[in-house]
>>> print(open('input08.pdb').read())   # PDB, C-alpha atoms and all ligand atoms
ATOM      1  CA  MET H  24     -26.111  69.391 157.421
ATOM      2  CA  GLY H  25     -22.579  68.039 156.913
ATOM      3  CA  TRP H  26     -21.083  64.730 157.944
ATOM      4  CA  ILE H  27     -18.134  62.359 157.467
ATOM      5  CA  GLU H  28     -18.361  58.853 155.987
ATOM      6  CA  VAL H  29     -15.328  56.579 156.061
ATOM      7  CA  VAL H  30     -14.781  53.508 153.889
ATOM      8  CA  CYS H  31     -11.763  51.529 155.103
ATOM      9  CA  GLY H  32     -10.158  48.136 154.634
ATOM     10  CA  PRO H  33      -7.169  46.492 152.944
ATOM     11  CA  MET H  34      -6.046  46.887 149.341
ATOM     12  CA  PHE H  35      -8.347  45.190 146.772
ATOM     13  CA  SER H  36     -11.346  45.328 149.141
ATOM     14  CA  GLY H  37     -13.362  47.689 146.947
ATOM     15  CA  LYS H  38     -12.847  50.969 148.806
ATOM     16  CA  SER H  39     -12.416  52.981 145.597
ATOM     17  CA  GLU H  40     -15.393  51.227 143.985
ATOM     18  CA  GLU H  41     -17.557  51.970 147.017
ATOM     19  CA  LEU H  42     -16.384  55.591 147.036
ATOM     20  CA  MET H  43     -17.235  55.938 143.330
ATOM     21  CA  ARG H  44     -20.618  54.261 143.845
ATOM     22  CA  ARG H  45     -21.551  56.796 146.520
ATOM     23  CA  LEU H  46     -20.270  59.709 144.443
ATOM     24  CA  ARG H  47     -22.211  58.545 141.379
ATOM     25  CA  ARG H  48     -25.383  58.400 143.441
ATOM     26  CA  ALA H  49     -24.712  61.917 144.721
ATOM     27  CA  LYS H  50     -24.370  63.076 141.097
ATOM     28  CA  ILE H  51     -27.632  61.347 140.184
ATOM     29  CA  ALA H  52     -29.216  63.283 143.044
ATOM     30  CA  ARG H  53     -27.875  66.430 141.292
ATOM     31  CA  LYS H  54     -25.521  67.274 144.114
ATOM     32  CA  ARG H  55     -22.331  69.164 143.316
ATOM     33  CA  VAL H  56     -19.428  66.740 143.698
ATOM     34  CA  GLN H  57     -15.651  67.160 143.872
ATOM     35  CA  VAL H  58     -13.180  64.282 144.066
ATOM     36  CA  PHE H  59      -9.638  64.539 145.426
ATOM     37  CA  LYS H  60      -6.677  62.223 145.474
ATOM     38  CA  PRO H  61      -3.119  62.647 146.778
ATOM     39  CA  ALA H  62      -0.324  63.544 144.345
ATOM     40  CA  LEU H  63       1.719  60.643 145.703
ATOM     41  CA  ASP H  64      -0.641  58.137 144.153
ATOM     42  CA  ASP H  65      -0.069  58.464 140.407
ATOM     43  CA  ARG H  66      -0.047  54.708 139.781
ATOM     44  CA  TYR H  67      -2.734  54.473 137.142
ATOM     45  CA  SER H  68      -3.784  57.958 136.166
ATOM     46  CA  ALA H  69      -2.838  61.547 136.985
ATOM     47  CA  ASP H  70      -6.344  62.993 137.025
ATOM     48  CA  GLU H  71      -8.637  60.077 137.826
ATOM     49  CA  ILE H  72      -9.238  57.680 140.658
ATOM     50  CA  VAL H  73      -9.039  54.160 139.273
ATOM     51  CA  SER H  74     -10.156  50.956 140.972
ATOM     52  CA  HIS H  75      -8.448  47.601 140.594
ATOM     53  CA  GLY H  76     -11.526  46.584 138.610
ATOM     54  CA  GLU H  77     -10.792  49.465 136.168
ATOM     55  CA  GLN H  78     -13.638  51.749 137.205
ATOM     56  CA  ARG H  79     -12.631  55.394 136.788
ATOM     57  CA  MET H  80     -13.747  58.825 137.914
ATOM     58  CA  LYS H  81     -12.247  62.269 137.263
ATOM     59  CA  SER H  82     -10.474  63.693 140.270
ATOM     60  CA  GLU H  83      -8.324  66.630 141.306
ATOM     61  CA  VAL H  84      -4.809  66.047 142.590
ATOM     62  CA  VAL H  85      -3.653  67.648 145.832
ATOM     63  CA  SER H  86      -0.317  67.380 147.592
ATOM     64  CA  SER H  87      -1.692  67.986 151.106
ATOM     65  CA  ALA H  88      -4.963  67.923 152.988
ATOM     66  CA  LYS H  89      -4.878  71.738 153.319
ATOM     67  CA  GLU H  90      -4.819  71.986 149.543
ATOM     68  CA  ILE H  91      -8.268  70.391 149.491
ATOM     69  CA  LEU H  92      -9.542  73.550 151.205
ATOM     70  CA  GLU H  93      -7.770  75.712 148.609
ATOM     71  CA  LYS H  94      -9.174  73.769 145.661
ATOM     72  CA  LEU H  95     -12.640  73.504 147.111
ATOM     73  CA  ASP H  96     -15.437  75.176 145.182
ATOM     74  CA  TRP H  97     -17.626  76.342 148.049
ATOM     75  CA  ARG H  98     -20.750  75.417 146.079
ATOM     76  CA  THR H  99     -19.634  71.760 146.334
ATOM     77  CA  GLN H 100     -21.959  69.672 148.482
ATOM     78  CA  VAL H 101     -20.241  66.264 148.398
ATOM     79  CA  LEU H 102     -16.488  65.651 148.572
ATOM     80  CA  GLY H 103     -14.816  62.335 147.826
ATOM     81  CA  ILE H 104     -11.285  61.760 149.081
ATOM     82  CA  ASP H 105      -9.449  58.597 148.011
ATOM     83  CA  GLU H 106      -6.265  57.065 149.478
ATOM     84  CA  SER H 107      -6.648  59.028 152.714
ATOM     85  CA  ASN H 108      -3.712  57.176 154.246
ATOM     86  CA  PHE H 109      -1.360  59.273 152.087
ATOM     87  CA  PHE H 110      -2.521  62.540 153.650
ATOM     88  CA  GLY H 111      -1.293  62.397 157.242
ATOM     89  CA  PRO H 112      -2.927  63.737 160.436
ATOM     90  CA  GLU H 113      -3.887  67.095 158.893
ATOM     91  CA  LEU H 114      -6.760  65.368 157.079
ATOM     92  CA  VAL H 115      -8.696  64.860 160.339
ATOM     93  CA  GLU H 116      -8.963  68.584 160.998
ATOM     94  CA  VAL H 117      -9.711  69.356 157.347
ATOM     95  CA  ALA H 118     -12.472  66.724 157.167
ATOM     96  CA  ALA H 119     -14.033  68.001 160.407
ATOM     97  CA  GLN H 120     -13.903  71.583 159.150
ATOM     98  CA  LEU H 121     -15.589  70.582 155.885
ATOM     99  CA  ALA H 122     -18.323  68.644 157.681
ATOM    100  CA  ASP H 123     -18.849  71.543 160.103
ATOM    101  CA  THR H 124     -19.477  73.830 157.150
ATOM    102  CA  GLY H 125     -22.197  71.554 155.790
ATOM    103  CA  LYS H 126     -20.307  69.305 153.381
ATOM    104  CA  GLN H 127     -20.826  65.564 152.995
ATOM    105  CA  VAL H 128     -17.279  64.172 153.149
ATOM    106  CA  ILE H 129     -16.678  60.612 151.936
ATOM    107  CA  ILE H 130     -13.205  59.292 152.697
ATOM    108  CA  ALA H 131     -11.675  56.008 151.514
ATOM    109  CA  GLY H 132      -8.355  54.613 152.717
ATOM    110  CA  LEU H 133      -6.352  51.774 154.198
ATOM    111  CA  ASP H 134      -7.044  51.078 157.857
ATOM    112  CA  THR H 135      -3.869  49.067 158.474
ATOM    113  CA  ASP H 136      -0.335  49.089 157.060
ATOM    114  CA  TYR H 137       1.817  46.210 155.781
ATOM    115  CA  LEU H 138       2.597  45.158 159.365
ATOM    116  CA  GLY H 139      -1.063  45.170 160.373
ATOM    117  CA  ARG H 140      -0.713  48.364 162.428
ATOM    118  CA  PRO H 141      -3.381  51.098 162.365
ATOM    119  CA  PHE H 142      -2.541  53.416 159.481
ATOM    120  CA  PRO H 143      -2.651  57.096 160.442
ATOM    121  CA  PRO H 144      -4.814  59.116 160.200
ATOM    122  CA  MET H 145      -7.495  56.422 159.892
ATOM    123  CA  PRO H 146      -8.002  55.733 163.631
ATOM    124  CA  ASP H 147      -8.686  59.421 164.284
ATOM    125  CA  LEU H 148     -10.914  59.698 161.220
ATOM    126  CA  LEU H 149     -13.011  56.787 162.472
ATOM    127  CA  CYS H 150     -13.516  58.644 165.749
ATOM    128  CA  VAL H 151     -14.794  61.820 164.114
ATOM    129  CA  ALA H 152     -16.901  60.087 161.432
ATOM    130  CA  GLU H 153     -20.687  59.727 161.487
ATOM    131  CA  SER H 154     -20.535  56.528 159.438
ATOM    132  CA  ILE H 155     -17.926  53.772 159.045
ATOM    133  CA  THR H 156     -17.867  50.976 156.493
ATOM    134  CA  LYS H 157     -15.236  48.260 156.599
ATOM    135  CA  THR H 158     -14.651  46.488 153.316
ATOM    136  CA  LEU H 159     -12.970  43.088 153.041
ATOM    137  CA  ALA H 160     -11.092  41.560 150.122
ATOM    138  CA  ILE H 161     -10.636  37.899 149.238
ATOM    139  CA  CYS H 162      -7.558  36.166 150.644
ATOM    140  CA  MET H 163      -5.256  35.213 147.778
ATOM    141  CA  ARG H 164      -4.027  32.192 149.721
ATOM    142  CA  CYS H 165      -7.248  30.556 150.902
ATOM    143  CA  GLY H 166     -10.259  32.485 149.577
ATOM    144  CA  ASN H 167     -11.581  33.596 152.962
ATOM    145  CA  PRO H 168     -12.511  37.207 153.739
ATOM    146  CA  ALA H 169      -9.286  39.220 153.944
ATOM    147  CA  LYS H 170      -8.631  42.229 156.149
ATOM    148  CA  HIS H 171      -4.886  42.495 155.618
ATOM    149  CA  THR H 172      -2.638  43.976 152.964
ATOM    150  CA  GLN H 173       0.288  41.604 152.460
ATOM    151  CA  ARG H 174       3.480  43.181 151.137
ATOM    152  CA  LEU H 175       5.327  40.858 148.772
ATOM    153  CA  VAL H 176       8.450  42.899 148.120
ATOM    154  CA  GLU H 177      11.189  43.742 150.561
ATOM    155  CA  SER H 178      11.140  47.284 151.984
ATOM    156  CA  GLU H 179      11.104  48.856 155.429
ATOM    157  CA  ASP H 180       9.301  51.940 154.091
ATOM    158  CA  LEU H 181       5.768  52.511 155.335
ATOM    159  CA  ILE H 182       4.669  53.489 151.860
ATOM    160  CA  VAL H 183       5.695  51.551 148.778
ATOM    161  CA  VAL H 184       3.323  52.795 146.110
ATOM    162  CA  GLY H 185       1.763  49.721 144.581
ATOM    163  CA  ALA H 186       3.999  48.385 141.898
ATOM    164  CA  ALA H 187       2.155  45.502 140.253
ATOM    165  CA  GLY H 188       2.573  42.386 142.332
ATOM    166  CA  ALA H 189       3.891  44.281 145.357
ATOM    167  CA  TYR H 190       0.823  43.565 147.492
ATOM    168  CA  GLU H 191      -1.964  41.051 147.871
ATOM    169  CA  ALA H 192      -4.944  40.609 150.174
ATOM    170  CA  ARG H 193      -4.679  38.044 152.978
ATOM    171  CA  CYS H 194      -6.950  36.868 155.774
ATOM    172  CA  ARG H 195      -5.996  36.911 159.436
ATOM    173  CA  ARG H 196      -4.680  33.347 159.267
ATOM    174  CA  CYS H 197      -2.604  33.683 156.101
ATOM    175  CA  PHE H 198      -1.197  37.175 156.841
ATOM    176  CA  GLU H 199       2.552  37.253 157.469
ATOM    177  CA  PRO H 200       3.364  40.669 158.986
ATOM    178  CA  GLY H 201       6.020  42.426 156.963
ATOM    179  CA  VAL H 202       7.612  40.764 154.001
ATOM    180  CA  PRO H 203       7.020  37.038 153.880
ATOM    181  CA  LYS H 204      10.015  34.821 154.031
ATOM    182  CA  GLN H 205      11.539  34.842 150.603
ATOM    183  CA  GLU H 206      11.162  31.076 150.351
ATOM    184  CA  SER H 207       7.420  31.540 150.145
ATOM    185  CA  LEU H 208       7.707  33.611 146.978
ATOM    186  CA  ASP H 209       7.715  31.365 143.955
ATOM    187  CA  PHE H 210      10.055  33.541 141.928
ATOM    188  CA  ALA H 211      12.580  33.779 144.755
ATOM    189  CA  ARG H 212      12.478  30.211 145.941
ATOM    190  CA  PRO H 213      15.985  28.779 146.279
ATOM    191  CA  PRO H 214      16.608  25.402 144.703
ATOM    192  CA  VAL H 215      15.738  22.600 147.086
ATOM    193  CA  PRO H 216      18.929  20.787 148.042
ATOM    194  CA  GLU H 217      19.010  17.095 147.294
ATOM    195  CA  PRO H 218      18.689  15.116 150.536
ATOM    196  CA  SER H 219      22.097  13.700 151.269
ATOM    197  CA  ARG H 220      22.163   9.959 151.154
ATOM    198  CA  THR H 221      23.969   8.075 153.826
ATOM    199  CA  LYS H 222      24.854   4.453 153.514
TER
HETATM  200  P1  LIG H 301      -9.368  49.165 146.942
HETATM  201  O1  LIG H 301      -9.704  50.613 146.656
HETATM  202  O2  LIG H 301      -9.883  48.711 148.283
HETATM  203  O3  LIG H 301      -7.907  48.829 146.740
HETATM  204  P2  LIG H 301     -10.679  48.686 144.444
HETATM  205  O4  LIG H 301     -12.028  49.331 144.541
HETATM  206  O5  LIG H 301      -9.596  49.460 143.731
HETATM  207  O6  LIG H 301     -10.178  48.269 145.895
HETATM  208  O7  LIG H 301     -10.779  47.282 143.686
HETATM  209  C1  LIG H 301     -11.718  46.305 144.023
HETATM  210  C2  LIG H 301     -11.724  45.295 142.884
HETATM  211  O8  LIG H 301     -10.484  44.638 142.834
HETATM  212  C3  LIG H 301     -12.724  44.172 143.007
HETATM  213  O9  LIG H 301     -14.008  44.525 142.559
HETATM  214  C4  LIG H 301     -12.114  43.103 142.126
HETATM  215  O10 LIG H 301     -12.475  43.324 140.779
HETATM  216  C5  LIG H 301     -10.626  43.373 142.211
HETATM  217  N1  LIG H 301      -9.840  42.436 143.031
HETATM  218  C6  LIG H 301      -8.575  42.050 142.751
HETATM  219  N2  LIG H 301      -8.070  41.243 143.710
HETATM  220  C7  LIG H 301      -9.032  41.106 144.631
HETATM  221  C8  LIG H 301      -9.121  40.393 145.899
HETATM  222  N3  LIG H 301      -8.094  39.690 146.383
HETATM  223  N4  LIG H 301     -10.277  40.483 146.593
HETATM  224  C9  LIG H 301     -11.311  41.195 146.103
HETATM  225  N5  LIG H 301     -11.276  41.893 144.945
HETATM  226  C10 LIG H 301     -10.168  41.855 144.206
HETATM  227 ZN    ZN H 302      -6.308  33.110 153.981
END
>>> encode(input="input08.pdb", output="structure tokens", more="lines below")
Ligand code: ADP
Ligand code: ZN
Amino acid sequence: MGWIEVVCGPMFSGKSEELMRRLRRAKIARKRVQVFKPALDDRYSADEIVSHGEQRMKSEVVSSAKEILEKLDWRTQVLGIDESNFFGPELVEVAAQLADTGKQVIIAGLDTDYLGRPFPPMPDLLCVAESITKTLAICMRCGNPAKHTQRLVESEDLIVVGAAGAYEARCRRCFEPGVPKQESLDFARPPVPEPSRTK
């Protein structure tokens, strides 16, 4: 019997760690496991998924969701797919097809973008999934649970692949949709003008 599990939340919330935890358990249960990640995400390693806490697991790189079907060994029982937000709408159909053919599909990805908008194809994946887990990070401003990914560098692009320091986790209260005003960035803070003295 196949099914779809989704792990979603902001950056730094432990999605990759949770994905790896589930995949490790599947391996302990002697299930056949394959792990996929999108070619776009080559930040830390070409052939591994890597968490921000430096946990690693071997993975295969694909440039589209369809390619998962091509690279699939049909003896595989459990599939892990990281960074699902890089795959586009095609992933929904592919995941459903895999689950229909008896595979356990575990998908991790961002649920919202840098403006706080739902990040495709996550909303549709949540609808077709049997199980949904939302992970939260710690707000880097105040320490509360954080559901947002704050972009710290200026760009209108939906995807800016995480250069170090380009993003941080923020809670609902501290989140500033889009790029925060440059004054709030320490390194870009303009010198404070001396108050002019009258008298
Ligand atoms: P995700 O896949 O959601 O980006 P990862 O699984 O790669 O998250 O990384 C989670 C790890 O990141 C945590 O276990 C912790 O070591 C580290 N980390 C760094 N910044 C934060 C933060 N603001 N909140 C929580 N964890 C953080
Ligand atoms: Zn906060």
>>> closest_residue(input="input08.pdb", among="H:Arg55, H:His75, H:Arg174, H:Arg164", to="ligand LIG 301 (chain H)", atoms="only C-alpha atoms and all ligand atoms")
H:His75
>>> resolve_selection(input="input08.pdb", expression="the PyMOL selection byres (((chain H and resi 88-105) around 6) and not hetatm)", output="list in words")
Arg55, Val56, Gln57, Val58, Phe59, Lys60, Val85, Ser87, Glu106, Ser107, Phe110, Leu114, Lys126, Gln127, Val128, Ile129, Ile130 and Ala131 of chain H
>>> atom_distance(input="input08.pdb", atom1="atom CA of Ser36 of chain H", atom2="atom CA of Glu116 of chain H")
26.2 Å
>>> closest_residue(input="input08.pdb", among="H:Cys165, H:Val115, H:Ala192, H:Val84", to="ligand ZN 302 (chain H)", atoms="all atoms listed in the file")
H:Cys165
>>> residues_near_ligand(input="input08.pdb", ligand="ligand ZN 302 (chain H)", cutoff="6 Å", atoms="all atoms listed in the file", output="MDAnalysis selection string")
chainID H and resid 162 164:167 193:194 196:197
>>> build_atoms(input="input08.pdb", residues="segment 169-180 of chain H", atoms="all heavy atoms", output="compact mmCIF listing (two decimals), in the frame of the given file")
# COMPACT_ATOMS: atom_id res chain seq x y z
N ALA H 169 -10.64 38.74 153.61
CA ALA H 169 -9.29 39.22 153.94
C ALA H 169 -9.31 40.64 154.46
O ALA H 169 -9.89 41.52 153.83
CB ALA H 169 -8.41 39.14 152.70
N LYS H 170 -8.68 40.88 155.61
CA LYS H 170 -8.63 42.23 156.15
C LYS H 170 -7.22 42.80 156.13
O LYS H 170 -7.00 43.91 156.57
CB LYS H 170 -9.17 42.26 157.57
CG LYS H 170 -8.24 41.69 158.61
CD LYS H 170 -8.89 41.80 159.98
CE LYS H 170 -7.91 41.50 161.11
NZ LYS H 170 -7.12 42.68 161.49
N HIS H 171 -6.27 42.04 155.61
CA HIS H 171 -4.89 42.50 155.62
C HIS H 171 -4.33 42.77 154.23
O HIS H 171 -4.73 42.13 153.25
CB HIS H 171 -3.99 41.43 156.26
CG HIS H 171 -4.10 41.39 157.75
ND1 HIS H 171 -3.68 42.42 158.55
CD2 HIS H 171 -4.59 40.44 158.58
CE1 HIS H 171 -3.90 42.11 159.81
NE2 HIS H 171 -4.46 40.91 159.86
N THR H 172 -3.38 43.71 154.19
CA THR H 172 -2.64 43.98 152.96
C THR H 172 -1.25 43.36 153.13
O THR H 172 -0.47 43.81 153.96
CB THR H 172 -2.50 45.50 152.72
OG1 THR H 172 -3.81 46.08 152.70
CG2 THR H 172 -1.80 45.76 151.40
N GLN H 173 -1.00 42.31 152.37
CA GLN H 173 0.29 41.60 152.46
C GLN H 173 1.29 42.23 151.50
O GLN H 173 1.01 42.31 150.30
CB GLN H 173 0.10 40.13 152.10
CG GLN H 173 1.39 39.32 152.11
CD GLN H 173 1.88 39.08 153.53
OE1 GLN H 173 1.15 38.56 154.35
NE2 GLN H 173 3.12 39.47 153.81
N ARG H 174 2.43 42.68 152.03
CA ARG H 174 3.48 43.18 151.14
C ARG H 174 4.31 42.00 150.65
O ARG H 174 4.68 41.13 151.44
CB ARG H 174 4.36 44.19 151.87
CG ARG H 174 5.43 44.77 150.98
CD ARG H 174 6.23 45.84 151.68
NE ARG H 174 5.50 47.09 151.80
CZ ARG H 174 5.98 48.17 152.44
NH1 ARG H 174 7.17 48.11 153.01
NH2 ARG H 174 5.27 49.27 152.50
N LEU H 175 4.60 42.00 149.35
CA LEU H 175 5.33 40.86 148.77
C LEU H 175 6.75 41.20 148.39
O LEU H 175 7.53 40.33 148.01
CB LEU H 175 4.58 40.35 147.52
CG LEU H 175 3.13 39.90 147.74
CD1 LEU H 175 2.45 39.63 146.41
CD2 LEU H 175 3.06 38.69 148.63
N VAL H 176 7.08 42.49 148.46
CA VAL H 176 8.45 42.90 148.12
C VAL H 176 9.14 43.43 149.36
O VAL H 176 8.49 43.89 150.30
CB VAL H 176 8.47 43.99 147.02
CG1 VAL H 176 7.91 43.45 145.73
CG2 VAL H 176 7.69 45.22 147.47
N GLU H 177 10.46 43.37 149.37
CA GLU H 177 11.19 43.74 150.56
C GLU H 177 11.38 45.25 150.64
O GLU H 177 11.91 45.86 149.70
CB GLU H 177 12.55 43.06 150.56
CG GLU H 177 13.09 42.91 151.94
CD GLU H 177 13.98 41.66 152.07
OE1 GLU H 177 14.18 40.96 151.07
OE2 GLU H 177 14.46 41.42 153.17
N SER H 178 10.90 45.87 151.73
CA SER H 178 11.14 47.28 151.98
C SER H 178 10.70 47.59 153.40
O SER H 178 9.70 47.07 153.87
CB SER H 178 10.36 48.16 151.01
OG SER H 178 10.44 49.51 151.43
N GLU H 179 11.48 48.44 154.08
CA GLU H 179 11.10 48.86 155.43
C GLU H 179 10.24 50.12 155.38
O GLU H 179 9.77 50.58 156.41
CB GLU H 179 12.36 49.17 156.25
CG GLU H 179 13.34 48.01 156.35
CD GLU H 179 12.89 46.98 157.39
OE1 GLU H 179 12.84 47.35 158.57
OE2 GLU H 179 12.59 45.83 157.00
N ASP H 180 10.06 50.70 154.20
CA ASP H 180 9.30 51.94 154.09
C ASP H 180 7.84 51.68 154.38
O ASP H 180 7.29 50.65 153.97
CB ASP H 180 9.42 52.54 152.69
CG ASP H 180 10.86 52.96 152.39
OD1 ASP H 180 11.63 53.10 153.36
OD2 ASP H 180 11.18 53.12 151.20
